[in-house]
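Enquirer: Supplied in structure tokens, the structure appears directly below.
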Amino acid sequence: MEKVTATPTQEAHYSFFQGVERNFDKAAKYTRFEAGILEQIKACNSVYRMNFPVRIGDGVEVIEAYRVQHSHHKLPCKGGIRYSMDVNQDEVMALASLMTYKCAIVNVPFGGAKGGIKINPKKYTPLELEKITRRYASELVKKNFIGPGIDVPAPDYGTGAREMSWIVDTYASMKPGEVDAMACITGKPVSQGGVRGRTEATGLGIYYGIREVVSVKEDMDKLGLTTGIHGKKVIVQGLGNVGFHAAKFFQDNGAIIVGLAEYEGGIYNAAGLNLYQVVEHRKTTGSILGFAGATEFKNSAETMEQPCDILIPSALENVINGSNADRIQAKIIGEGANGPLTPEADEILGAKGVMIIPDMYLNAGGVTVSYFEWLKNLSHVRFGRMDKRFSENQYGTILHTVENLTGKSVSDVERKVLLHGPDEVDLVYSGLEDTMISSYHEIRDAWVGLGGKVDMRTAAFTVAINKIGVSYEELGIFP
Ligand code: GLU
């Protein structure tokens, strides 16, 4: 296999994409597909590498950017756009391929894609970022690499709703009259066609996923853990959109956040850290360090090595690798980020009996809710608009009948809860919850079915390969 330049944190002998391919191969042997089909599933179908000029201050900067469509077995392709100095072709290819498997696992009917712009977004003013983003969007339009039925980007590391609204506006202005233009991208602000619940979706999905994992007594017994989230000690690495929301849902539901890590360092307190106070402290002082009562680590990665039940790496890839995996003390690792563990780390931690919940399942909440946003944009109506009042009237009739029959009546507070018809956010949360629960059991069933011979990642890959493989087979004769 050809050697590709590794990202700085990558194991020396193979790249991030090759790491994903290794994981794929491990699982492929437990599936029934012929070699050609497996090769097609693994390959990156289209790689668009671009350079474009943008005037920054007094000069012109040449910006390097990518969009990779890994798979077209279902359309549109789907995946975020990241802004980071670590962006390179190999990284975007790896992330695009993970999107293919992720979408298959959570039954989101899309192919995988990913985009990246090699910039440090902190270096630019909002106006400069807008220029770069709009230029990137117009490059995608020119090459037919974006569109509601073609390829639908979303936020990723270093981007958010603001960038998505610049992109949808650029797309719509280049495609006047396209009635579905809003569906060309997801993760938009609600005022620009976004869906309620998308911002916190990845973090919430991580919470729902791990809550399901720790509800299985048989598995928790093996790890020496009790069932349930309450009282579990959790370390979260990365306090961006994903890490912050994951930590928030864990804390709000009774877990104890014992460690938090950001790029400037990390903090740990076995008795618990209050996430909201830490965020406030970081806002006022500019750093997570110096938080009262916490032990601190100038080397952020050391935070992940502290005692805890659950470790959630939620920033970039390869942070747990051959050099630090044996010092990790967590019993469960939930991959909030894409690719936070190298295959070496997988092996070392697997041998120690650590349960690793793979990225392509655990952080799929983002793309799941993106799917809901896309559906909303295509249907041009807010979820709940047509049926909320109808449901409330129905509940009212039922309650009234029950009260008449029993001669008893419920309190005003109970009445309010019982009569509540679903708002958009309620429907999004329940759709996400159901997705995370049912997808976990699909993976766990495959894992159990393989008789404990493989780890959870390999089981997840088999689930994904089986779905994508059938879809390719049923395509029939290839042209
Ligand atoms: N960037 C997110 C991910 O890696 C979301 C992708 C999407 O919503 O399309 O899953």
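Letters A, B, ... go to the chains of the structure tokens in the order shown; residues in each chain start at 1; ligands are counted from 1 in the same order.
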For region 79-85 of chain A, list every protein, DNA or RNA residue within 9 Å, evaluated using only C-alpha atoms, and leave out those in the same chain fewer than 6 positions away; present the list as a PyMOL selection string.
Expert: chain A and resi 66-67+69+92+95-96+99-100+111-121+151-159+186+367
Enquirer: Save out the residues we just selected, C-alpha atoms, as a compact mmCIF listing (two decimals), in the first residue's frame.
Expert:
```txt
# COMPACT_ATOMS: atom_id res chain seq x y z
CA TYR A 66 -10.80 19.86 -0.32
CA ARG A 67 -14.09 18.09 -0.77
CA GLN A 69 -17.06 12.17 -1.80
CA VAL A 92 -10.35 14.44 4.46
CA LEU A 95 -13.13 11.43 7.47
CA ALA A 96 -15.26 11.07 4.31
CA MET A 99 -19.10 9.31 7.13
CA THR A 100 -20.13 6.51 4.75
CA GLY A 111 -23.20 8.46 0.98
CA GLY A 112 -20.19 9.75 2.92
CA ALA A 113 -18.28 12.95 2.20
CA LYS A 114 -16.10 15.48 3.97
CA GLY A 115 -14.61 18.88 3.25
CA GLY A 116 -11.76 20.85 4.68
CA ILE A 117 -10.06 24.20 4.35
CA LYS A 118 -6.47 24.37 5.52
CA ILE A 119 -6.66 27.53 7.62
CA ASN A 120 -6.46 28.50 11.26
CA PRO A 121 -9.83 30.23 11.60
CA ASP A 151 -23.62 16.58 -1.72
CA VAL A 152 -24.82 18.28 1.46
CA PRO A 153 -22.09 19.64 3.78
CA ALA A 154 -22.49 20.48 7.48
CA PRO A 155 -20.39 21.87 10.34
CA ASP A 156 -17.33 20.06 11.62
CA TYR A 157 -14.23 21.01 13.63
CA GLY A 158 -13.73 24.80 13.39
CA THR A 159 -17.04 25.60 11.67
CA THR A 186 -27.30 21.43 7.17
CA VAL A 367 -25.56 13.57 10.91
```
Enquirer: For region 57-59 of chain A, find every residue with an atom within 12 Å (counting only C-alpha atoms), except residues of its own chain fewer than 4 positions away, and show them as a compact mmCIF listing (two decimals) with N, CA and C atoms, in the first residue's frame.
Expert:
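Output file part_8.txt follows:
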```txt
# COMPACT_ATOMS: atom_id res chain seq x y z
N PRO A 53 -7.55 32.00 -4.67
CA PRO A 53 -6.99 33.20 -4.04
C PRO A 53 -8.05 33.99 -3.26
N LYS A 123 -7.08 33.06 13.01
CA LYS A 123 -6.17 34.06 12.42
C LYS A 123 -6.91 35.13 11.61
N TYR A 124 -8.19 34.87 11.32
CA TYR A 124 -8.90 35.75 10.40
C TYR A 124 -10.04 36.50 11.09
N THR A 125 -10.38 37.66 10.54
CA THR A 125 -11.55 38.39 11.02
C THR A 125 -12.80 37.70 10.46
N LEU A 127 -15.04 38.89 8.64
CA LEU A 127 -15.22 39.27 7.23
C LEU A 127 -14.30 38.45 6.32
N GLU A 128 -13.07 38.24 6.77
CA GLU A 128 -12.13 37.44 5.97
C GLU A 128 -12.60 35.99 5.89
N LYS A 131 -15.28 35.72 3.40
CA LYS A 131 -14.77 35.72 2.01
C LYS A 131 -14.25 34.33 1.63
```
Enquirer: Smallest atom-to-atom distance to ligand 1: which of A:Arg389, A:Arg198, A:His380, A:Arg22, using only C-alpha atoms and all ligand atoms?
Expert: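 Among the listed residues, A:Arg198 lies closest to ligand 1.
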Enquirer: Which residue gives the smallest distance to Gln277 (chain A) among A:Arg327, A:His441, A:Lys248, A:Arg134, with only C-alpha atoms counted?
Expert: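 Once distances to Gln277 (chain A) are computed over only C-alpha atoms, the minimum belongs to A:Lys248.
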Enquirer: As a VMD selection string, which residues of region 51-200 of chain A does DSSP assign to helix (DSSP H, G or I)?
Expert: chain A and resid 89 to 105 121 to 123 126 to 142 161 to 174 181 to 184 190 to 192
Enquirer: Check region 237-311 of chain A with DSSP on the backbone and list each residue it calls strand (DSSP E), as a PyMOL selection string.
Expert: chain A and resi 237+256-262+265-268+295-297+310-311
Enquirer: One number please: CA of Asp434 (chain A) to CA of Cys103 (chain A), in Å, one decimal.
Expert: 15.0 Å
Enquirer: Within 6 Å of region 290-306 of chain A, counting only C-alpha atoms, which residues show up once you throw out same-chain ones fewer than 3 positions away? Write them as a ChimeraX atom specification, please.
Expert: /A:261,265-269,327-329
Enquirer: Can you spit out the residues from that selection as a PDB file, in the first residue's frame, using N, CA, C and O atoms?
Expert:
```pdb
ATOM      1  N   ALA A 261     -10.436  18.637  29.384  1.00  0.00           N
ATOM      2  CA  ALA A 261      -9.185  19.007  28.731  1.00  0.00           C
ATOM      3  C   ALA A 261      -9.449  19.863  27.508  1.00  0.00           C
ATOM      4  O   ALA A 261     -10.405  19.626  26.761  1.00  0.00           O
ATOM      5  N   GLY A 265      -4.495  23.002  28.160  1.00  0.00           N
ATOM      6  CA  GLY A 265      -4.201  22.163  29.319  1.00  0.00           C
ATOM      7  C   GLY A 265      -5.464  21.477  29.808  1.00  0.00           C
ATOM      8  O   GLY A 265      -6.508  21.552  29.156  1.00  0.00           O
ATOM      9  N   GLY A 266      -5.335  20.805  30.964  1.00  0.00           N
ATOM     10  CA  GLY A 266      -6.506  20.100  31.459  1.00  0.00           C
ATOM     11  C   GLY A 266      -6.636  20.225  32.964  1.00  0.00           C
ATOM     12  O   GLY A 266      -5.675  20.579  33.663  1.00  0.00           O
ATOM     13  N   ILE A 267      -7.844  19.947  33.475  1.00  0.00           N
ATOM     14  CA  ILE A 267      -8.075  19.998  34.918  1.00  0.00           C
ATOM     15  C   ILE A 267      -8.771  18.716  35.368  1.00  0.00           C
ATOM     16  O   ILE A 267      -9.513  18.100  34.599  1.00  0.00           O
ATOM     17  N   TYR A 268      -8.521  18.362  36.648  1.00  0.00           N
ATOM     18  CA  TYR A 268      -9.075  17.116  37.176  1.00  0.00           C
ATOM     19  C   TYR A 268      -9.440  17.311  38.633  1.00  0.00           C
ATOM     20  O   TYR A 268      -8.693  17.933  39.392  1.00  0.00           O
ATOM     21  N   ASN A 269     -10.587  16.794  39.027  1.00  0.00           N
ATOM     22  CA  ASN A 269     -10.974  16.789  40.444  1.00  0.00           C
ATOM     23  C   ASN A 269     -11.858  15.553  40.658  1.00  0.00           C
ATOM     24  O   ASN A 269     -12.959  15.479  40.108  1.00  0.00           O
ATOM     25  N   ARG A 327      -1.507   4.037  29.397  1.00  0.00           N
ATOM     26  CA  ARG A 327      -1.706   4.814  30.635  1.00  0.00           C
ATOM     27  C   ARG A 327      -3.168   5.226  30.853  1.00  0.00           C
ATOM     28  O   ARG A 327      -3.510   5.820  31.866  1.00  0.00           O
ATOM     29  N   ILE A 328      -4.021   4.914  29.888  1.00  0.00           N
ATOM     30  CA  ILE A 328      -5.445   5.276  30.027  1.00  0.00           C
ATOM     31  C   ILE A 328      -6.081   4.366  31.075  1.00  0.00           C
ATOM     32  O   ILE A 328      -5.925   3.146  31.037  1.00  0.00           O
ATOM     33  N   GLN A 329      -6.822   4.978  32.025  1.00  0.00           N
ATOM     34  CA  GLN A 329      -7.405   4.178  33.106  1.00  0.00           C
ATOM     35  C   GLN A 329      -8.915   3.956  32.957  1.00  0.00           C
ATOM     36  O   GLN A 329      -9.508   3.225  33.750  1.00  0.00           O
TER      37      GLN A 329
END
```
Enquirer: Counting only C-alpha atoms, what is within 9 Å of Thr226 (chain A), bar same-chain residues fewer than 3 positions away, as a list in words?
Expert: Val214, Ser215, Lys217, Met220, Asp221, Leu223, Ile229 and Lys232 of chain A
Enquirer: List as a PyMOL selection string the protein and nucleic acid residues near Asp180 (chain A), meaning an atom at most 7 Å away when only C-alpha atoms are counted, but skip any in the same chain fewer than 5 places from it.
Expert: chain A and resi 148+377-378
Enquirer: For CA of Tyr208 (chain A) and CA of Val242 (chain A), determine how far apart the two atoms are, in Å to one decimal place.
Expert: 13.4 Å
Enquirer: Find the distance between CA of Trp166 (chain A) and CA of Asp423 (chain A) and write it in Å to one decimal.
Expert: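 Distance reported for this atom pair: 27.3 Å.
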Enquirer: Identify which of the residues A:Asp309, A:Met93, A:Gln237, A:Ser411 lies closest to Pro340 (chain A), counting only C-alpha atoms when measuring atom-to-atom distances.
Expert: A:Gln237
